[in-house]
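Q: What follows is my_file-v7.pdb, PDB, C-alpha atoms.
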```pdb
ATOM      1  CA  MET A   1      18.398   7.418   3.965
ATOM      2  CA  LYS A   2      17.532   3.784   3.276
ATOM      3  CA  ILE A   3      13.763   3.398   2.752
ATOM      4  CA  ALA A   4      11.634   0.262   2.374
ATOM      5  CA  ALA A   5       8.109   0.063   1.012
ATOM      6  CA  ILE A   6       5.841  -2.621   2.455
ATOM      7  CA  ILE A   7       2.820  -3.965   0.579
ATOM      8  CA  PRO A   8       0.721  -6.558   2.456
ATOM      9  CA  VAL A   9      -1.214  -8.538  -0.158
ATOM     10  CA  LYS A  10      -4.119 -10.771   0.718
ATOM     11  CA  THR A  11      -4.645 -13.834  -1.477
ATOM     12  CA  PHE A  12      -6.302 -12.370  -4.550
ATOM     13  CA  SER A  13      -9.184 -14.870  -4.500
ATOM     14  CA  LYS A  14     -10.051 -13.789  -0.935
ATOM     15  CA  ALA A  15      -9.488 -10.052  -1.380
ATOM     16  CA  LYS A  16     -12.082  -7.381  -2.127
ATOM     17  CA  SER A  17     -15.132  -9.195  -0.749
ATOM     18  CA  ARG A  18     -17.244  -6.061  -1.315
ATOM     19  CA  LEU A  19     -16.307  -5.848  -4.990
ATOM     20  CA  ASP A  20     -19.366  -7.547  -6.438
ATOM     21  CA  ILE A  21     -17.979  -9.065  -9.628
ATOM     22  CA  PRO A  22     -17.106 -12.670 -10.616
ATOM     23  CA  ALA A  23     -14.127 -14.098  -8.746
ATOM     24  CA  SER A  24     -11.989 -14.576 -11.863
ATOM     25  CA  LYS A  25     -12.405 -10.909 -12.807
ATOM     26  CA  LYS A  26     -11.680  -9.784  -9.263
ATOM     27  CA  ILE A  27      -8.423 -11.753  -9.224
ATOM     28  CA  SER A  28      -7.349 -10.214 -12.532
ATOM     29  CA  ILE A  29      -8.137  -6.682 -11.367
ATOM     30  CA  CYS A  30      -6.262  -7.229  -8.109
ATOM     31  CA  ARG A  31      -3.214  -8.350 -10.079
ATOM     32  CA  ILE A  32      -3.361  -5.225 -12.253
ATOM     33  CA  MET A  33      -3.650  -2.919  -9.230
ATOM     34  CA  PHE A  34      -0.811  -4.656  -7.435
ATOM     35  CA  ALA A  35       1.476  -4.522 -10.477
ATOM     36  CA  GLU A  36       0.675  -0.835 -10.923
ATOM     37  CA  ILE A  37       1.628   0.166  -7.393
ATOM     38  CA  VAL A  38       4.903  -1.788  -7.590
ATOM     39  CA  LYS A  39       5.679  -0.121 -10.937
ATOM     40  CA  THR A  40       4.872   3.338  -9.563
ATOM     41  CA  ILE A  41       6.980   2.878  -6.432
ATOM     42  CA  THR A  42       9.896   1.696  -8.558
ATOM     43  CA  GLU A  43       9.569   4.649 -10.940
ATOM     44  CA  SER A  44       9.595   7.116  -8.044
ATOM     45  CA  LYS A  45      13.205   6.117  -7.253
ATOM     46  CA  MET A  46      12.522   6.977  -3.605
ATOM     47  CA  VAL A  47      12.549   3.432  -2.235
ATOM     48  CA  ASP A  48      15.505   1.074  -1.903
ATOM     49  CA  LYS A  49      13.477  -2.120  -1.587
ATOM     50  CA  ILE A  50       9.833  -3.129  -2.054
ATOM     51  CA  ILE A  51       8.751  -5.831   0.376
ATOM     52  CA  VAL A  52       5.619  -7.789  -0.514
ATOM     53  CA  VAL A  53       4.140  -9.930   2.240
ATOM     54  CA  SER A  54       1.690 -12.481   0.911
ATOM     55  CA  LYS A  55       0.599 -16.095   0.728
ATOM     56  CA  ASN A  56       0.446 -15.753  -3.082
ATOM     57  CA  ASN A  57       3.453 -17.729  -4.311
ATOM     58  CA  ASP A  58       3.475 -16.353  -7.858
ATOM     59  CA  ILE A  59       3.019 -12.700  -6.975
ATOM     60  CA  ILE A  60       6.423 -11.361  -8.053
ATOM     61  CA  SER A  61       7.022 -11.118 -11.806
ATOM     62  CA  ASP A  62      10.405 -10.957 -13.507
ATOM     63  CA  GLU A  63       9.969  -7.220 -14.125
ATOM     64  CA  MET A  64       9.790  -6.505 -10.380
ATOM     65  CA  THR A  65      13.558  -6.456  -9.961
ATOM     66  CA  ASN A  66      13.645  -4.365  -6.799
ATOM     67  CA  THR A  67      10.996  -6.428  -5.021
ATOM     68  CA  ILE A  68      11.172  -9.334  -2.599
ATOM     69  CA  HIS A  69       8.419 -11.659  -1.416
ATOM     70  CA  LEU A  70       8.093 -12.623   2.242
ATOM     71  CA  TYR A  71       5.745 -15.563   2.739
ATOM     72  CA  ASP A  72       2.751 -15.058   5.042
ATOM     73  CA  GLU A  73       1.720 -18.635   5.720
ATOM     74  CA  TYR A  74      -1.269 -18.008   7.976
ATOM     75  CA  GLU A  75      -2.496 -14.732   6.433
ATOM     76  CA  SER A  76      -3.817 -13.625   9.807
ATOM     77  CA  GLY A  77      -4.188  -9.929   9.068
ATOM     78  CA  VAL A  78      -2.390  -6.799   7.953
ATOM     79  CA  ASN A  79      -0.657  -6.157  11.281
ATOM     80  CA  ASN A  80       0.864  -9.632  11.292
ATOM     81  CA  ALA A  81       1.988  -9.250   7.668
ATOM     82  CA  ILE A  82       3.709  -5.974   8.495
ATOM     83  CA  SER A  83       5.411  -7.511  11.532
ATOM     84  CA  ILE A  84       6.972 -10.057   9.150
ATOM     85  CA  ALA A  85       8.293  -7.226   6.983
ATOM     86  CA  ASP A  86       9.459  -5.271  10.027
ATOM     87  CA  LYS A  87      11.760  -8.117  11.051
ATOM     88  CA  TYR A  88      13.399  -8.075   7.626
ATOM     89  CA  ILE A  89      13.671  -4.282   7.720
ATOM     90  CA  CYS A  90      15.299  -4.325  11.155
ATOM     91  CA  ASN A  91      17.790  -7.046  10.171
ATOM     92  CA  ASN A  92      18.738  -5.133   7.025
ATOM     93  CA  LYS A  93      19.109  -1.753   8.746
ATOM     94  CA  PHE A  94      16.546   0.375   6.924
ATOM     95  CA  ASP A  95      16.055   3.908   8.229
ATOM     96  CA  ALA A  96      12.401   4.388   7.255
ATOM     97  CA  SER A  97       9.447   2.464   5.911
ATOM     98  CA  VAL A  98       6.241   3.297   4.095
ATOM     99  CA  ILE A  99       3.254   0.956   4.011
ATOM    100  CA  PHE A 100       0.860   0.956   1.049
ATOM    101  CA  PRO A 101      -2.191  -1.237   0.352
ATOM    102  CA  GLN A 102      -2.487  -3.174  -2.907
ATOM    103  CA  ASP A 103      -5.577  -1.299  -4.145
ATOM    104  CA  ILE A 104      -4.585   2.324  -4.831
ATOM    105  CA  PRO A 105      -4.055   2.214  -8.616
ATOM    106  CA  LEU A 106      -4.183   5.998  -9.145
ATOM    107  CA  ILE A 107      -1.012   6.615  -7.123
ATOM    108  CA  LYS A 108       1.706   8.455  -9.059
ATOM    109  CA  SER A 109       5.450   8.776  -8.592
ATOM    110  CA  SER A 110       5.019  12.434  -7.681
ATOM    111  CA  ASP A 111       2.773  11.440  -4.767
ATOM    112  CA  ILE A 112       5.453   9.121  -3.417
ATOM    113  CA  LYS A 113       8.165  11.745  -3.847
ATOM    114  CA  PHE A 114       6.029  14.273  -1.965
ATOM    115  CA  LEU A 115       5.308  11.814   0.851
ATOM    116  CA  LEU A 116       8.914  10.695   1.268
ATOM    117  CA  SER A 117      10.669  14.034   0.862
ATOM    118  CA  PHE A 118      11.422  14.537   4.537
ATOM    119  CA  ASN A 119      14.642  15.204   6.427
ATOM    120  CA  SER A 120      13.675  14.127   9.918
ATOM    121  CA  SER A 121      15.014  10.991  11.562
ATOM    122  CA  ARG A 122      11.925  10.618  13.754
ATOM    123  CA  LEU A 123       8.426  11.028  12.330
ATOM    124  CA  VAL A 124       5.083   9.458  11.501
ATOM    125  CA  PHE A 125       3.008  10.391   8.446
ATOM    126  CA  VAL A 126      -0.513   9.009   8.031
ATOM    127  CA  VAL A 127      -2.489   9.179   4.782
ATOM    128  CA  PRO A 128      -6.124   8.147   5.410
ATOM    129  CA  SER A 129      -8.466   6.394   2.996
ATOM    130  CA  LYS A 130     -10.989   8.514   1.109
ATOM    131  CA  ARG A 131     -13.742   7.470   3.538
ATOM    132  CA  PHE A 132     -11.506   8.349   6.501
ATOM    133  CA  ASP A 133     -11.962   4.872   7.935
ATOM    134  CA  GLY A 134      -8.530   3.398   7.227
ATOM    135  CA  THR A 135      -4.857   4.082   6.537
ATOM    136  CA  ASN A 136      -3.661   4.124   2.915
ATOM    137  CA  ALA A 137      -0.070   5.099   3.662
ATOM    138  CA  LEU A 138       1.941   5.009   6.863
ATOM    139  CA  VAL A 139       5.490   6.367   7.039
ATOM    140  CA  ARG A 140       7.630   5.505  10.071
ATOM    141  CA  THR A 141      11.162   6.577  10.849
ATOM    142  CA  PRO A 142      12.877   4.965  12.573
ATOM    143  CA  THR A 143      11.221   1.800  11.337
ATOM    144  CA  ASP A 144      10.592   0.447  14.843
ATOM    145  CA  LEU A 145       9.096   3.697  16.125
ATOM    146  CA  MET A 146       5.638   2.148  16.521
ATOM    147  CA  GLU A 147       3.649  -0.967  15.771
ATOM    148  CA  THR A 148       0.783  -0.799  13.296
ATOM    149  CA  HIS A 149      -2.910  -0.851  14.200
ATOM    150  CA  TYR A 150      -4.825  -1.634  11.037
ATOM    151  CA  ASP A 151      -8.492  -1.993  11.841
ATOM    152  CA  GLU A 152     -11.586   0.192  11.797
ATOM    153  CA  ASP A 153     -10.606   3.888  11.958
ATOM    154  CA  SER A 154      -6.949   2.849  11.862
ATOM    155  CA  TYR A 155      -5.785   6.273  10.709
ATOM    156  CA  LYS A 156      -7.032   7.793  13.972
ATOM    157  CA  ILE A 157      -5.277   5.098  15.976
ATOM    158  CA  HIS A 158      -2.045   5.558  14.012
ATOM    159  CA  LEU A 159      -2.152   9.305  14.600
ATOM    160  CA  ARG A 160      -2.785   8.854  18.315
ATOM    161  CA  VAL A 161      -0.074   6.236  18.769
ATOM    162  CA  GLY A 162       2.358   8.189  16.592
ATOM    163  CA  LYS A 163       1.919  11.308  18.728
ATOM    164  CA  LYS A 164       2.841   9.290  21.804
ATOM    165  CA  HIS A 165       6.228   8.565  20.234
ATOM    166  CA  THR A 166       7.015  11.800  18.418
ATOM    167  CA  ASN A 167       5.575  15.289  18.098
ATOM    168  CA  ASN A 168       6.477  15.053  14.420
ATOM    169  CA  THR A 169       3.303  13.120  13.585
ATOM    170  CA  SER A 170       1.121  14.425  10.775
ATOM    171  CA  LEU A 171      -2.031  13.661   8.818
ATOM    172  CA  VAL A 172      -1.169  13.973   5.115
ATOM    173  CA  LEU A 173      -3.924  14.278   2.512
ATOM    174  CA  ILE A 174      -2.900  13.027  -0.937
ATOM    175  CA  LYS A 175      -5.968  12.456  -3.086
ATOM    176  CA  ARG A 176      -4.626   9.707  -5.340
ATOM    177  CA  ILE A 177      -3.236   7.702  -2.417
ATOM    178  CA  MET A 178      -6.513   8.116  -0.558
ATOM    179  CA  PHE A 179      -8.480   6.654  -3.480
ATOM    180  CA  ASP A 180      -8.793   2.911  -2.912
ATOM    181  CA  ILE A 181     -11.024   0.328  -4.568
ATOM    182  CA  ASP A 182     -13.401  -1.290  -2.088
ATOM    183  CA  ASN A 183     -16.628  -1.781  -4.031
ATOM    184  CA  TYR A 184     -18.184  -1.575  -7.469
ATOM    185  CA  GLN A 185     -18.956   2.143  -7.119
ATOM    186  CA  ASP A 186     -15.257   2.808  -6.510
ATOM    187  CA  LEU A 187     -14.457   0.828  -9.639
ATOM    188  CA  LYS A 188     -16.915   2.858 -11.710
ATOM    189  CA  LEU A 189     -15.483   6.114 -10.362
ATOM    190  CA  LEU A 190     -11.951   4.956 -11.155
ATOM    191  CA  LEU A 191     -12.913   4.311 -14.781
ATOM    192  CA  LYS A 192     -14.832   7.571 -15.031
ATOM    193  CA  GLN A 193     -11.873   9.616 -13.809
ATOM    194  CA  ASN A 194      -9.546   7.820 -16.261
ATOM    195  CA  GLU A 195      -6.524   9.419 -14.613
ATOM    196  CA  LYS A 196      -4.293   6.538 -15.702
ATOM    197  CA  PRO A 197      -5.730   5.635 -19.131
ATOM    198  CA  ASP A 198      -3.619   2.507 -19.695
ATOM    199  CA  VAL A 199      -4.518   1.022 -16.322
ATOM    200  CA  CYS A 200      -8.163   2.005 -16.635
ATOM    201  CA  LYS A 201      -8.348   0.441 -20.082
ATOM    202  CA  MET A 202      -7.061  -2.889 -18.761
ATOM    203  CA  ILE A 203      -9.461  -2.850 -15.818
ATOM    204  CA  GLN A 204     -12.418  -1.820 -17.959
ATOM    205  CA  LYS A 205     -11.739  -4.624 -20.412
ATOM    206  CA  ILE A 206     -11.838  -7.161 -17.585
ATOM    207  CA  ALA A 207     -14.762  -5.648 -15.657
ATOM    208  CA  TYR A 208     -17.089  -5.323 -18.641
ATOM    209  CA  SER A 209     -16.095  -8.243 -20.850
TER     210      SER A 209
END
```
As C-alpha cells, what does this structure read like?
A:
Amino acid sequence: MKIAAIIPVKTFSKAKSRLDIPASKKISICRIMFAEIVKTITESKMVDKIIVVSKNNDIISDEMTNTIHLYDEYESGVNNAISIADKYICNNKFDASVIFPQDIPLIKSSDIKFLLSFNSSRLVFVVPSKRFDGTNALVRTPTDLMETHYDEDSYKIHLRVGKKHTNNTSLVLIKRIMFDIDNYQDLKLLLKQNEKPDVCKMIQKIAYS
C-alpha cells in the first residue's frame, strides 16, 4: 500500500498565536517541532512520501530526502492546504494518506506504525487533540474518501463525515499524537515530561535563554 503523509505548515512567524513568547523564539521552536515530526515519520518507514504544504520557502532541509514541498501561496487555511496535497496524491496514485499537524513533537515511530498498521482498503481513523477540540491525525483510504473539515471540534465532524462514507470509521486515542503545543502551559508540560530529551533540551534552551 502506497501511503502519503501530509503536514500543513503555517508560516512560522504567524503560527502559534497563543504561545506567549517572543516571535523569534516561537519561530525557532516551530522549526524544531516541524523537523522532529518529519524525522519521526521518516524513521517509522511506514510512509512513502511526506508532503509539506506551506508558504515557507525554506522549510525543507537537505536531510529531508523523502519530503516534497507544495507551495501554498494564499495560506487560506488547513482545508485548502490539504486540498493542494490531495491533488498531488491523486495524480500520483497513493492508496492512503495521513494528516499530521506541525506541533506534535512527542510523536514516536511506534505511534505511526500502530496508526498505519491496517489492512482495509476503505477506512477513516481520527486521532483527536488532547483537549478534544481538534484533529491531530486523520487517516483516509482511499485518499479521496472524504474532504477534510478542520475547524472547531473538527474531530467530531471528521468522525461524522467518515461514518457517512464507511462503517470502518474509528476514534483512535494515541497519547503522544494527541499532545500538541498551543500555549505556554503546553510548552512547560512538554519540558516537564521530557519524553524526548534531545528535543526538549533544544526547546528549553530557546524558551528560557
Q: Would you pick out the contacts of A:Ser76 at 12 Å or less, using only C-alpha atoms, so that residues sharing its chain but fewer than 2 positions from it are not included, and give the list as number ranges by chain?
A: A: 8-11, 53-55, 72-74, 78-84
Q: Have a look at A:Asp153, A:Asp95, A:Glu147, A:Asp62 and name the one nearest to A:Lys49; count all atoms listed in the file.
A: A:Asp95
Q: Which residue is closest to A:Asn92? Choose from A:Ser120, A:Ser170, A:Ile3, A:Ile177 and count only C-alpha atoms.
A: A:Ile3
Q: Measuring between only C-alpha atoms, which one of A:Val139, A:Cys200, A:Ile112, A:Val52 shows the shortest distance to A:Ser97?
A: A:Val139
Q: Check the smallest atom-to-atom distance from each of A:Lys16, A:Arg122, A:Tyr155, A:Asp103 to A:Leu138 using only C-alpha atoms, then report the winner.
A: A:Tyr155
Q: Name the residues that the PyMOL selection byres ((chain A and resi 61) around 12) pulls out of this structure, and write them as number ranges by chain.
A: A: 31-32, 34-35, 38-39, 52, 56-60, 62-69
Q: So that I have them on file, write out the residues from the current selection with C-alpha atoms, as a short mmCIF file (atom, residue, chain, number, x, y, z; two decimals), keeping the file's coordinate frame.
A:
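Now in out_15.cif:
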```
data_model
loop_
_atom_site.label_atom_id
_atom_site.label_comp_id
_atom_site.auth_asym_id
_atom_site.auth_seq_id
_atom_site.Cartn_x
_atom_site.Cartn_y
_atom_site.Cartn_z
CA ARG A 31 -3.21 -8.35 -10.08
CA ILE A 32 -3.36 -5.22 -12.25
CA PHE A 34 -0.81 -4.66 -7.44
CA ALA A 35 1.48 -4.52 -10.48
CA VAL A 38 4.90 -1.79 -7.59
CA LYS A 39 5.68 -0.12 -10.94
CA VAL A 52 5.62 -7.79 -0.51
CA ASN A 56 0.45 -15.75 -3.08
CA ASN A 57 3.45 -17.73 -4.31
CA ASP A 58 3.48 -16.35 -7.86
CA ILE A 59 3.02 -12.70 -6.98
CA ILE A 60 6.42 -11.36 -8.05
CA ASP A 62 10.40 -10.96 -13.51
CA GLU A 63 9.97 -7.22 -14.12
CA MET A 64 9.79 -6.50 -10.38
CA THR A 65 13.56 -6.46 -9.96
CA ASN A 66 13.64 -4.36 -6.80
CA THR A 67 11.00 -6.43 -5.02
CA ILE A 68 11.17 -9.33 -2.60
CA HIS A 69 8.42 -11.66 -1.42
#
```
Q: Can you translate the PyMOL selection byres ((chain A and resi 169) around 8) into the concrete residues it hits in this file, as a PDB file with C-alpha atoms, keeping the file's coordinate frame?
A:
```pdb
ATOM      1  CA  LEU A 123       8.426  11.028  12.330  1.00  0.00           C
ATOM      2  CA  VAL A 124       5.083   9.458  11.501  1.00  0.00           C
ATOM      3  CA  PHE A 125       3.008  10.391   8.446  1.00  0.00           C
ATOM      4  CA  VAL A 126      -0.513   9.009   8.031  1.00  0.00           C
ATOM      5  CA  LEU A 159      -2.152   9.305  14.600  1.00  0.00           C
ATOM      6  CA  GLY A 162       2.358   8.189  16.592  1.00  0.00           C
ATOM      7  CA  LYS A 163       1.919  11.308  18.728  1.00  0.00           C
ATOM      8  CA  THR A 166       7.015  11.800  18.418  1.00  0.00           C
ATOM      9  CA  ASN A 167       5.575  15.289  18.098  1.00  0.00           C
ATOM     10  CA  ASN A 168       6.477  15.053  14.420  1.00  0.00           C
ATOM     11  CA  SER A 170       1.121  14.425  10.775  1.00  0.00           C
ATOM     12  CA  LEU A 171      -2.031  13.661   8.818  1.00  0.00           C
TER      13      LEU A 171
END
```
Q: Take the PyMOL selection byres ((chain A and resi 127) around 6), apply it to the structure above, and return the hits as an mmCIF file with C-alpha atoms, in the coordinates of the input.
A:
```
data_model
loop_
_atom_site.group_PDB
_atom_site.id
_atom_site.type_symbol
_atom_site.label_atom_id
_atom_site.label_comp_id
_atom_site.auth_asym_id
_atom_site.auth_seq_id
_atom_site.Cartn_x
_atom_site.Cartn_y
_atom_site.Cartn_z
ATOM 1 C CA VAL A 126 -0.513 9.009 8.031
ATOM 2 C CA PRO A 128 -6.124 8.147 5.410
ATOM 3 C CA THR A 135 -4.857 4.082 6.537
ATOM 4 C CA ASN A 136 -3.661 4.124 2.915
ATOM 5 C CA ALA A 137 -0.070 5.099 3.662
ATOM 6 C CA VAL A 172 -1.169 13.973 5.115
ATOM 7 C CA LEU A 173 -3.924 14.278 2.512
#
```
Q: Closest to A:Met1 among A:Ile99, A:Leu106, A:Leu116, A:Cys30, using all atoms listed in the file?
A: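 Nearest candidate to A:Met1 out of A:Ile99, A:Leu106, A:Leu116, A:Cys30: A:Leu116.
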Q: To one decimal place, how far is atom CA of A:Lys196 from atom CA of A:Phe118 in Å?
A: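 Those two atoms sit 26.8 Å apart.
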